[in-house]
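File shown here: coords.txt, holding compact mmCIF, N, CA and C atoms and all ligand atoms.
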```txt
# COMPACT_ATOMS: atom_id res chain seq x y z
N MET A 935 49.96 32.25 51.38
CA MET A 935 48.70 32.98 51.22
C MET A 935 48.11 32.70 49.84
N TYR A 936 46.97 33.29 49.59
CA TYR A 936 46.28 33.09 48.32
C TYR A 936 46.11 34.43 47.59
N CYS A 937 46.14 34.34 46.28
CA CYS A 937 45.91 35.54 45.47
C CYS A 937 44.49 36.03 45.72
N THR A 938 44.36 37.31 46.08
CA THR A 938 43.03 37.84 46.37
C THR A 938 42.27 38.21 45.11
N ASN A 939 42.93 38.03 43.96
CA ASN A 939 42.26 38.31 42.69
C ASN A 939 41.72 37.04 42.03
N CYS A 940 42.48 35.93 42.12
CA CYS A 940 42.04 34.71 41.43
C CYS A 940 42.01 33.49 42.33
N GLY A 941 42.50 33.59 43.57
CA GLY A 941 42.44 32.47 44.49
C GLY A 941 43.58 31.48 44.36
N ASN A 942 44.52 31.77 43.45
CA ASN A 942 45.69 30.92 43.27
C ASN A 942 46.60 31.01 44.49
N SER A 943 47.24 29.92 44.86
CA SER A 943 48.17 29.92 45.98
C SER A 943 49.45 30.67 45.58
N VAL A 944 49.83 31.69 46.35
CA VAL A 944 51.02 32.48 46.03
C VAL A 944 51.92 32.58 47.26
N ASP A 945 53.20 32.86 47.00
CA ASP A 945 54.15 33.07 48.08
C ASP A 945 53.76 34.32 48.86
N VAL A 946 53.97 34.29 50.17
CA VAL A 946 53.54 35.41 51.02
C VAL A 946 54.28 36.70 50.65
N ASN A 947 55.49 36.56 50.07
CA ASN A 947 56.27 37.74 49.70
C ASN A 947 56.08 38.15 48.24
N ALA A 948 55.27 37.40 47.52
CA ALA A 948 55.08 37.67 46.09
C ALA A 948 54.44 39.04 45.88
N ILE A 949 54.95 39.77 44.89
CA ILE A 949 54.35 41.07 44.58
C ILE A 949 53.41 40.95 43.39
N ALA A 950 53.45 39.82 42.70
CA ALA A 950 52.52 39.59 41.60
C ALA A 950 52.15 38.11 41.58
N CYS A 951 50.90 37.84 41.28
CA CYS A 951 50.42 36.46 41.21
C CYS A 951 50.96 35.80 39.94
N MET A 952 51.45 34.55 40.08
CA MET A 952 52.01 33.84 38.93
C MET A 952 50.92 33.52 37.90
N LYS A 953 49.70 33.43 38.36
CA LYS A 953 48.61 33.00 37.49
C LYS A 953 47.94 34.16 36.77
N CYS A 954 47.58 35.20 37.51
CA CYS A 954 46.83 36.29 36.89
C CYS A 954 47.65 37.57 36.77
N GLY A 955 48.82 37.64 37.42
CA GLY A 955 49.68 38.81 37.28
C GLY A 955 49.30 39.99 38.15
N ALA A 956 48.21 39.86 38.91
CA ALA A 956 47.77 40.97 39.75
C ALA A 956 48.57 40.99 41.05
N ASN A 957 48.55 42.15 41.72
CA ASN A 957 49.10 42.23 43.07
C ASN A 957 48.20 41.35 43.94
N PRO A 958 48.75 40.28 44.53
CA PRO A 958 47.89 39.32 45.24
C PRO A 958 47.29 39.83 46.54
N LYS A 959 47.72 41.01 46.99
CA LYS A 959 47.29 41.47 48.31
C LYS A 959 46.20 42.53 48.29
N ILE A 960 45.90 43.13 47.14
CA ILE A 960 45.05 44.32 47.18
C ILE A 960 43.64 44.08 46.69
N HIS A 961 43.35 42.90 46.16
CA HIS A 961 42.00 42.66 45.65
C HIS A 961 41.17 42.02 46.74
N ARG A 962 39.90 41.84 46.48
CA ARG A 962 39.05 41.23 47.50
C ARG A 962 38.03 40.28 46.88
N LYS A 963 38.46 39.62 45.83
CA LYS A 963 37.58 38.60 45.27
C LYS A 963 37.75 37.29 46.03
N TYR A 964 38.96 37.07 46.56
CA TYR A 964 39.24 35.87 47.34
C TYR A 964 39.92 36.28 48.64
N CYS A 965 39.74 35.46 49.66
CA CYS A 965 40.40 35.71 50.94
C CYS A 965 41.88 35.36 50.81
N GLY A 966 42.77 36.30 51.20
CA GLY A 966 44.20 36.04 51.11
C GLY A 966 44.67 35.04 52.14
N ASN A 967 43.87 34.82 53.16
CA ASN A 967 44.25 33.92 54.24
C ASN A 967 43.89 32.46 53.96
N CYS A 968 42.70 32.23 53.41
CA CYS A 968 42.24 30.86 53.20
C CYS A 968 41.86 30.55 51.76
N GLY A 969 41.84 31.56 50.87
CA GLY A 969 41.52 31.30 49.47
C GLY A 969 40.04 31.17 49.20
N ASN A 970 39.21 31.43 50.21
CA ASN A 970 37.77 31.35 50.04
C ASN A 970 37.28 32.50 49.15
N SER A 971 36.34 32.21 48.26
CA SER A 971 35.76 33.26 47.43
C SER A 971 34.90 34.14 48.30
N VAL A 972 35.14 35.47 48.26
CA VAL A 972 34.40 36.37 49.14
C VAL A 972 33.56 37.36 48.34
N ASN A 973 32.52 37.81 48.97
CA ASN A 973 31.65 38.82 48.38
C ASN A 973 32.39 40.15 48.30
N ASP A 974 32.16 40.87 47.20
CA ASP A 974 32.85 42.14 46.97
C ASP A 974 32.60 43.16 48.08
N ASN A 975 31.45 43.07 48.73
CA ASN A 975 31.10 44.05 49.74
C ASN A 975 31.45 43.59 51.15
N ALA A 976 31.93 42.34 51.29
CA ALA A 976 32.22 41.81 52.62
C ALA A 976 33.42 42.52 53.24
N GLU A 977 33.35 42.74 54.54
CA GLU A 977 34.46 43.37 55.25
C GLU A 977 35.42 42.32 55.79
N VAL A 978 34.87 41.16 56.13
CA VAL A 978 35.70 40.06 56.62
C VAL A 978 35.36 38.80 55.84
N CYS A 979 36.31 37.85 55.85
CA CYS A 979 36.10 36.57 55.18
C CYS A 979 35.04 35.78 55.93
N THR A 980 34.04 35.26 55.17
CA THR A 980 32.97 34.51 55.82
C THR A 980 33.44 33.12 56.23
N ASN A 981 34.59 32.71 55.75
CA ASN A 981 35.10 31.37 56.08
C ASN A 981 36.03 31.40 57.29
N CYS A 982 37.01 32.33 57.30
CA CYS A 982 37.98 32.32 58.39
C CYS A 982 37.94 33.59 59.24
N GLY A 983 37.20 34.62 58.80
CA GLY A 983 36.99 35.78 59.66
C GLY A 983 38.06 36.86 59.60
N VAL A 984 39.09 36.70 58.76
CA VAL A 984 40.10 37.77 58.70
C VAL A 984 39.53 38.97 57.95
N ALA A 985 40.06 40.16 58.29
CA ALA A 985 39.62 41.38 57.62
C ALA A 985 40.15 41.38 56.20
N LEU A 986 39.33 41.84 55.28
CA LEU A 986 39.73 41.91 53.87
C LEU A 986 40.28 43.30 53.58
N PRO A 987 41.17 43.41 52.59
CA PRO A 987 41.69 44.74 52.25
C PRO A 987 40.57 45.63 51.77
N SER A 988 40.63 46.90 52.11
CA SER A 988 39.57 47.82 51.70
C SER A 988 39.53 47.92 50.20
N SER A 989 38.37 47.91 49.65
CA SER A 989 38.21 47.89 48.21
C SER A 989 38.37 49.27 47.60
N MET A 990 39.28 49.38 46.64
CA MET A 990 39.50 50.65 45.96
C MET A 990 38.29 50.99 45.10
N HIS A 991 37.73 49.94 44.46
CA HIS A 991 36.62 50.18 43.56
C HIS A 991 35.36 50.56 44.34
N ALA A 992 35.17 49.91 45.49
CA ALA A 992 34.00 50.20 46.30
C ALA A 992 34.06 51.63 46.82
N GLN A 993 35.27 52.08 47.19
CA GLN A 993 35.41 53.43 47.70
C GLN A 993 35.27 54.46 46.59
N GLY A 994 35.61 54.05 45.36
CA GLY A 994 35.47 54.93 44.22
C GLY A 994 36.28 56.20 44.33
N SER A 995 37.44 56.14 44.97
CA SER A 995 38.26 57.33 45.14
C SER A 995 39.70 57.02 44.74
N MET A 996 40.52 58.06 44.74
CA MET A 996 41.93 57.89 44.43
C MET A 996 42.75 57.67 45.71
N ALA A 997 42.06 57.46 46.82
CA ALA A 997 42.73 57.39 48.11
C ALA A 997 43.76 56.27 48.18
N MET A 998 43.56 55.21 47.43
CA MET A 998 44.49 54.10 47.48
C MET A 998 45.66 54.27 46.52
N GLY A 999 45.78 55.44 45.91
CA GLY A 999 46.89 55.69 45.00
C GLY A 999 46.62 55.21 43.60
N GLN A 1000 45.39 54.91 43.29
CA GLN A 1000 45.08 54.46 41.94
C GLN A 1000 45.11 55.63 40.98
N LYS A 1001 45.90 55.48 39.93
CA LYS A 1001 45.96 56.51 38.91
C LYS A 1001 45.30 55.99 37.64
N ASP A 1002 44.73 56.91 36.89
CA ASP A 1002 44.00 56.53 35.69
C ASP A 1002 44.95 56.10 34.58
N TRP A 1003 44.68 54.92 34.02
CA TRP A 1003 45.56 54.34 33.00
C TRP A 1003 45.60 55.21 31.75
N LEU A 1004 44.44 55.65 31.28
CA LEU A 1004 44.38 56.42 30.04
C LEU A 1004 45.11 57.76 30.19
N THR A 1005 44.93 58.41 31.35
CA THR A 1005 45.61 59.68 31.59
C THR A 1005 47.12 59.47 31.56
N THR A 1006 47.58 58.42 32.22
CA THR A 1006 49.01 58.13 32.25
C THR A 1006 49.53 57.86 30.84
N LEU A 1007 48.75 57.11 30.07
CA LEU A 1007 49.15 56.78 28.69
C LEU A 1007 49.29 58.06 27.85
N LEU A 1008 48.28 58.94 27.95
CA LEU A 1008 48.31 60.17 27.15
C LEU A 1008 49.45 61.09 27.60
N LEU A 1009 49.67 61.17 28.90
CA LEU A 1009 50.77 61.98 29.41
C LEU A 1009 52.11 61.45 28.89
N CYS A 1010 52.23 60.12 28.85
CA CYS A 1010 53.48 59.51 28.39
C CYS A 1010 53.69 59.76 26.90
N ILE A 1011 52.60 59.69 26.13
CA ILE A 1011 52.72 59.89 24.68
C ILE A 1011 53.13 61.33 24.37
N PHE A 1012 52.44 62.29 25.01
CA PHE A 1012 52.65 63.70 24.65
C PHE A 1012 53.75 64.38 25.48
N LEU A 1013 53.91 63.94 26.73
CA LEU A 1013 54.86 64.62 27.61
C LEU A 1013 55.85 63.64 28.24
N GLY A 1014 55.97 62.45 27.65
CA GLY A 1014 56.82 61.41 28.20
C GLY A 1014 58.28 61.83 28.35
N GLU A 1015 58.74 62.68 27.41
CA GLU A 1015 60.13 63.11 27.45
C GLU A 1015 60.42 63.97 28.68
N PHE A 1016 59.36 64.54 29.23
CA PHE A 1016 59.53 65.38 30.43
C PHE A 1016 59.16 64.62 31.71
N GLY A 1017 58.86 63.32 31.56
CA GLY A 1017 58.57 62.50 32.73
C GLY A 1017 57.29 62.86 33.44
N ILE A 1018 56.38 63.57 32.72
CA ILE A 1018 55.16 64.04 33.38
C ILE A 1018 54.31 62.86 33.88
N HIS A 1019 54.30 61.76 33.12
CA HIS A 1019 53.53 60.58 33.55
C HIS A 1019 54.09 60.00 34.84
N ARG A 1020 55.42 60.22 35.05
CA ARG A 1020 56.06 59.75 36.29
C ARG A 1020 55.63 60.62 37.47
N PHE A 1021 55.55 61.93 37.23
CA PHE A 1021 55.07 62.82 38.29
C PHE A 1021 53.63 62.47 38.64
N TYR A 1022 52.84 62.22 37.60
CA TYR A 1022 51.42 61.93 37.79
C TYR A 1022 51.23 60.67 38.64
N THR A 1023 52.06 59.66 38.41
CA THR A 1023 51.90 58.40 39.13
C THR A 1023 52.70 58.36 40.43
N GLY A 1024 53.32 59.49 40.79
CA GLY A 1024 53.97 59.58 42.10
C GLY A 1024 55.45 59.26 42.10
N HIS A 1025 56.01 58.87 40.93
CA HIS A 1025 57.44 58.58 40.84
C HIS A 1025 58.20 59.91 40.62
N THR A 1026 58.16 60.76 41.64
CA THR A 1026 58.70 62.11 41.46
C THR A 1026 60.20 62.11 41.14
N ALA A 1027 60.96 61.31 41.88
CA ALA A 1027 62.42 61.28 41.68
C ALA A 1027 62.76 60.84 40.26
N ILE A 1028 62.10 59.79 39.80
CA ILE A 1028 62.34 59.30 38.44
C ILE A 1028 61.89 60.34 37.43
N GLY A 1029 60.77 61.02 37.75
CA GLY A 1029 60.27 62.07 36.87
C GLY A 1029 61.29 63.18 36.68
N VAL A 1030 61.96 63.57 37.77
CA VAL A 1030 62.98 64.62 37.69
C VAL A 1030 64.14 64.17 36.80
N VAL A 1031 64.56 62.91 36.99
CA VAL A 1031 65.66 62.39 36.18
C VAL A 1031 65.26 62.35 34.70
N GLN A 1032 64.02 61.93 34.43
CA GLN A 1032 63.55 61.88 33.05
C GLN A 1032 63.46 63.28 32.45
N LEU A 1033 63.06 64.23 33.29
CA LEU A 1033 62.96 65.62 32.83
C LEU A 1033 64.34 66.14 32.44
N LEU A 1034 65.34 65.84 33.26
CA LEU A 1034 66.69 66.33 33.03
C LEU A 1034 67.35 65.63 31.84
N THR A 1035 66.97 64.38 31.58
CA THR A 1035 67.58 63.62 30.49
C THR A 1035 66.67 63.53 29.28
N LEU A 1036 65.57 64.31 29.30
CA LEU A 1036 64.56 64.23 28.24
C LEU A 1036 64.14 62.78 28.00
N GLY A 1037 63.66 62.19 29.08
CA GLY A 1037 63.16 60.81 28.98
C GLY A 1037 64.23 59.82 28.59
N GLY A 1038 65.46 60.03 29.10
CA GLY A 1038 66.56 59.15 28.71
C GLY A 1038 66.74 59.19 27.21
N CYS A 1039 66.74 60.42 26.65
CA CYS A 1039 66.82 60.64 25.20
C CYS A 1039 65.66 59.94 24.47
N GLY A 1040 64.52 59.88 25.13
CA GLY A 1040 63.34 59.30 24.49
C GLY A 1040 63.20 57.81 24.69
N ILE A 1041 64.32 57.13 24.97
CA ILE A 1041 64.29 55.66 25.09
C ILE A 1041 63.53 55.24 26.35
N TRP A 1042 63.84 55.93 27.44
CA TRP A 1042 63.18 55.63 28.70
C TRP A 1042 61.67 55.85 28.60
N ALA A 1043 61.31 56.97 27.98
CA ALA A 1043 59.90 57.29 27.80
C ALA A 1043 59.23 56.23 26.95
N LEU A 1044 59.95 55.73 25.94
CA LEU A 1044 59.40 54.70 25.07
C LEU A 1044 59.17 53.40 25.84
N ILE A 1045 60.15 53.04 26.69
CA ILE A 1045 60.01 51.84 27.51
C ILE A 1045 58.81 51.99 28.45
N ASP A 1046 58.69 53.19 29.07
CA ASP A 1046 57.55 53.43 29.94
C ASP A 1046 56.24 53.31 29.18
N LEU A 1047 56.23 53.82 27.95
CA LEU A 1047 55.02 53.77 27.11
C LEU A 1047 54.60 52.32 26.89
N ILE A 1048 55.58 51.47 26.56
CA ILE A 1048 55.27 50.06 26.33
C ILE A 1048 54.77 49.42 27.62
N THR A 1049 55.41 49.79 28.74
CA THR A 1049 55.00 49.24 30.03
C THR A 1049 53.57 49.65 30.36
N ILE A 1050 53.22 50.88 30.04
CA ILE A 1050 51.86 51.36 30.30
C ILE A 1050 50.86 50.63 29.40
N ILE A 1051 51.20 50.50 28.10
CA ILE A 1051 50.28 49.85 27.15
C ILE A 1051 50.02 48.40 27.56
N THR A 1052 51.07 47.72 28.05
CA THR A 1052 50.91 46.32 28.44
C THR A 1052 50.37 46.19 29.86
N SER A 1053 50.00 47.33 30.46
CA SER A 1053 49.38 47.35 31.79
C SER A 1053 50.29 46.84 32.90
N SER A 1054 51.62 46.88 32.71
CA SER A 1054 52.49 46.46 33.80
C SER A 1054 53.05 47.63 34.59
N PHE A 1055 52.66 48.84 34.20
CA PHE A 1055 53.13 50.03 34.91
C PHE A 1055 52.44 50.13 36.26
N LYS A 1056 53.25 50.43 37.30
CA LYS A 1056 52.69 50.57 38.65
C LYS A 1056 52.92 52.01 39.13
N ASP A 1057 52.01 52.49 39.96
CA ASP A 1057 52.22 53.81 40.54
C ASP A 1057 53.20 53.71 41.71
N ALA A 1058 53.49 54.86 42.34
CA ALA A 1058 54.53 54.88 43.37
C ALA A 1058 54.18 54.00 44.56
N GLN A 1059 52.90 53.72 44.75
CA GLN A 1059 52.49 52.86 45.86
C GLN A 1059 52.48 51.38 45.46
N GLY A 1060 52.81 51.11 44.19
CA GLY A 1060 52.85 49.72 43.74
C GLY A 1060 51.52 49.20 43.24
N TYR A 1061 50.55 50.11 43.09
CA TYR A 1061 49.26 49.68 42.59
C TYR A 1061 49.22 49.80 41.08
N PRO A 1062 48.55 48.87 40.42
CA PRO A 1062 48.41 48.98 38.95
C PRO A 1062 47.54 50.17 38.60
N LEU A 1063 47.70 50.67 37.39
CA LEU A 1063 46.89 51.80 36.95
C LEU A 1063 45.45 51.37 36.77
N TYR A 1064 44.56 52.29 37.05
CA TYR A 1064 43.14 51.98 37.03
C TYR A 1064 42.57 52.21 35.64
N LYS A 1065 41.99 51.14 35.08
CA LYS A 1065 41.34 51.25 33.76
C LYS A 1065 39.84 51.37 33.96
N LYS A 1066 39.26 52.38 33.35
CA LYS A 1066 37.82 52.55 33.49
C LYS A 1066 37.10 51.50 32.65
ZN ZN B 1101 46.00 35.63 40.88
ZN ZN B 1102 39.39 33.40 54.78
```
Show how you would write the structure in this file as structure tokens.
Amino acid sequence: MYCTNCGNSVDVNAIACMKCGANPKIHRKYCGNCGNSVNDNAEVCTNCGVALPSSMHAQGSMAMGQKDWLTTLLLCIFLGEFGIHRFYTGHTAIGVVQLLTLGGCGIWALIDLITIITSSFKDAQGYPLYKK
């Protein structure tokens, strides 16, 4: 298949594009089936006719599990030791463990903070955090 963010050819099982680092299945700039560049508002690929993934940005809602990057960052900075950013992003089980261990004595919270700052943090559904 092709990365739906940059059109690069990616393995069908890949969870991140080697070229742009995005989840290759959730964007709709390119057709995942043929790599054709598609219109942001198109429902199907104009080249091969496959249905495109529903656009999170077009819907403008949190329905796809998109969590706000800045909110997650602030929660991690101020309440990271209690795993609140984990609860916010849907990682409830990890959040409970972080709460009980005070963020792995702060180290775990620090690692999460770095992951959030570098934009590699994913929510429980595997979607990257949404930056406004
Ligand atoms: Zn890509
Ligand atoms: Zn196509």
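Non-sequential neighbours of Ile1018 of chain A (distance at most 9 Å, separation of 2 or more positions within a chain, only C-alpha atoms) are Thr1006, Leu1009, Cys1010, Leu1013, Gly1014, Glu1015, Phe1016, Arg1020, Phe1021, Tyr1022, Thr1023, Gly1029, Val1030, Gln1032 and Leu1033 of chain A.
Between ligand ZN 1102 (chain B) and the residues A:Asn939, A:Asn981, A:Asn947, A:Gln1059, the shortest atom-to-atom distance, using only C-alpha atoms and all ligand atoms, involves A:Asn981.
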message: I need the residues of segment 992-1052 of chain A that end up classed as alpha helix (DSSP H) by DSSP on the backbone, written out as a ChimeraX atom specification.
response: /A:992-993,1003-1013,1018-1022,1026-1034,1036-1039,1041-1051
task: Tell me which protein, DNA and RNA residues are within 10 Å of Asn957 of chain A, counting only C-alpha atoms, leaving out same-chain ones fewer than 5 positions away, and put them as a PyMOL selection string.
output: chain A and resi 937-939+948-952+1060-1062
message: 6 Å from ligand ZN 1102 (chain B) is the threshold here; counting all atoms listed in the file, which polymer residues fall inside it? Answer as a ChimeraX atom specification.
response: /A:965-970,979-984
How would the residues just chosen look if you wrote them out with N, CA and C atoms as a PDB file, keeping the file's coordinate frame?
```
ATOM      1  N   CYS A 965      39.740  35.460  49.660  1.00  0.00           N
ATOM      2  CA  CYS A 965      40.400  35.710  50.940  1.00  0.00           C
ATOM      3  C   CYS A 965      41.880  35.360  50.810  1.00  0.00           C
ATOM      4  N   GLY A 966      42.770  36.300  51.200  1.00  0.00           N
ATOM      5  CA  GLY A 966      44.200  36.040  51.110  1.00  0.00           C
ATOM      6  C   GLY A 966      44.670  35.040  52.140  1.00  0.00           C
ATOM      7  N   ASN A 967      43.870  34.820  53.160  1.00  0.00           N
ATOM      8  CA  ASN A 967      44.250  33.920  54.240  1.00  0.00           C
ATOM      9  C   ASN A 967      43.890  32.460  53.960  1.00  0.00           C
ATOM     10  N   CYS A 968      42.700  32.230  53.410  1.00  0.00           N
ATOM     11  CA  CYS A 968      42.240  30.860  53.200  1.00  0.00           C
ATOM     12  C   CYS A 968      41.860  30.550  51.760  1.00  0.00           C
ATOM     13  N   GLY A 969      41.840  31.560  50.870  1.00  0.00           N
ATOM     14  CA  GLY A 969      41.520  31.300  49.470  1.00  0.00           C
ATOM     15  C   GLY A 969      40.040  31.170  49.200  1.00  0.00           C
ATOM     16  N   ASN A 970      39.210  31.430  50.210  1.00  0.00           N
ATOM     17  CA  ASN A 970      37.770  31.350  50.040  1.00  0.00           C
ATOM     18  C   ASN A 970      37.280  32.500  49.150  1.00  0.00           C
ATOM     19  N   CYS A 979      36.310  37.850  55.850  1.00  0.00           N
ATOM     20  CA  CYS A 979      36.100  36.570  55.180  1.00  0.00           C
ATOM     21  C   CYS A 979      35.040  35.780  55.930  1.00  0.00           C
ATOM     22  N   THR A 980      34.040  35.260  55.170  1.00  0.00           N
ATOM     23  CA  THR A 980      32.970  34.510  55.820  1.00  0.00           C
ATOM     24  C   THR A 980      33.440  33.120  56.230  1.00  0.00           C
ATOM     25  N   ASN A 981      34.590  32.710  55.750  1.00  0.00           N
ATOM     26  CA  ASN A 981      35.100  31.370  56.080  1.00  0.00           C
ATOM     27  C   ASN A 981      36.030  31.400  57.290  1.00  0.00           C
ATOM     28  N   CYS A 982      37.010  32.330  57.300  1.00  0.00           N
ATOM     29  CA  CYS A 982      37.980  32.320  58.390  1.00  0.00           C
ATOM     30  C   CYS A 982      37.940  33.590  59.240  1.00  0.00           C
ATOM     31  N   GLY A 983      37.200  34.620  58.800  1.00  0.00           N
ATOM     32  CA  GLY A 983      36.990  35.780  59.660  1.00  0.00           C
ATOM     33  C   GLY A 983      38.060  36.860  59.600  1.00  0.00           C
ATOM     34  N   VAL A 984      39.090  36.700  58.760  1.00  0.00           N
ATOM     35  CA  VAL A 984      40.100  37.770  58.700  1.00  0.00           C
ATOM     36  C   VAL A 984      39.530  38.970  57.950  1.00  0.00           C
TER      37      VAL A 984
END
```
query: Quick one: of A:Pro987, A:Gly1017, A:Gly1024, A:Pro958, who's nearest to ligand ZN 1101 (chain B), counting only C-alpha atoms and all ligand atoms?
result: A:Pro958
task: Compile the contact shell of Trp1003 of chain A as a PyMOL selection string: residues with an atom at most 6 Å away, counting only C-alpha atoms, same-chain residues fewer than 4 positions apart removed.
output: chain A and resi 1063-1065
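Straight-line separation from atom CA of Ile1051 of chain A to atom CA of Leu1004 of chain A: 9.3 Å.
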field: atom CA of Ala1027 of chain A to atom CA of Leu1047 of chain A, distance in Å rounded to a single decimal
entry: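 Atom CA of Ala1027 of chain A sits 18.0 Å away from atom CA of Leu1047 of chain A.
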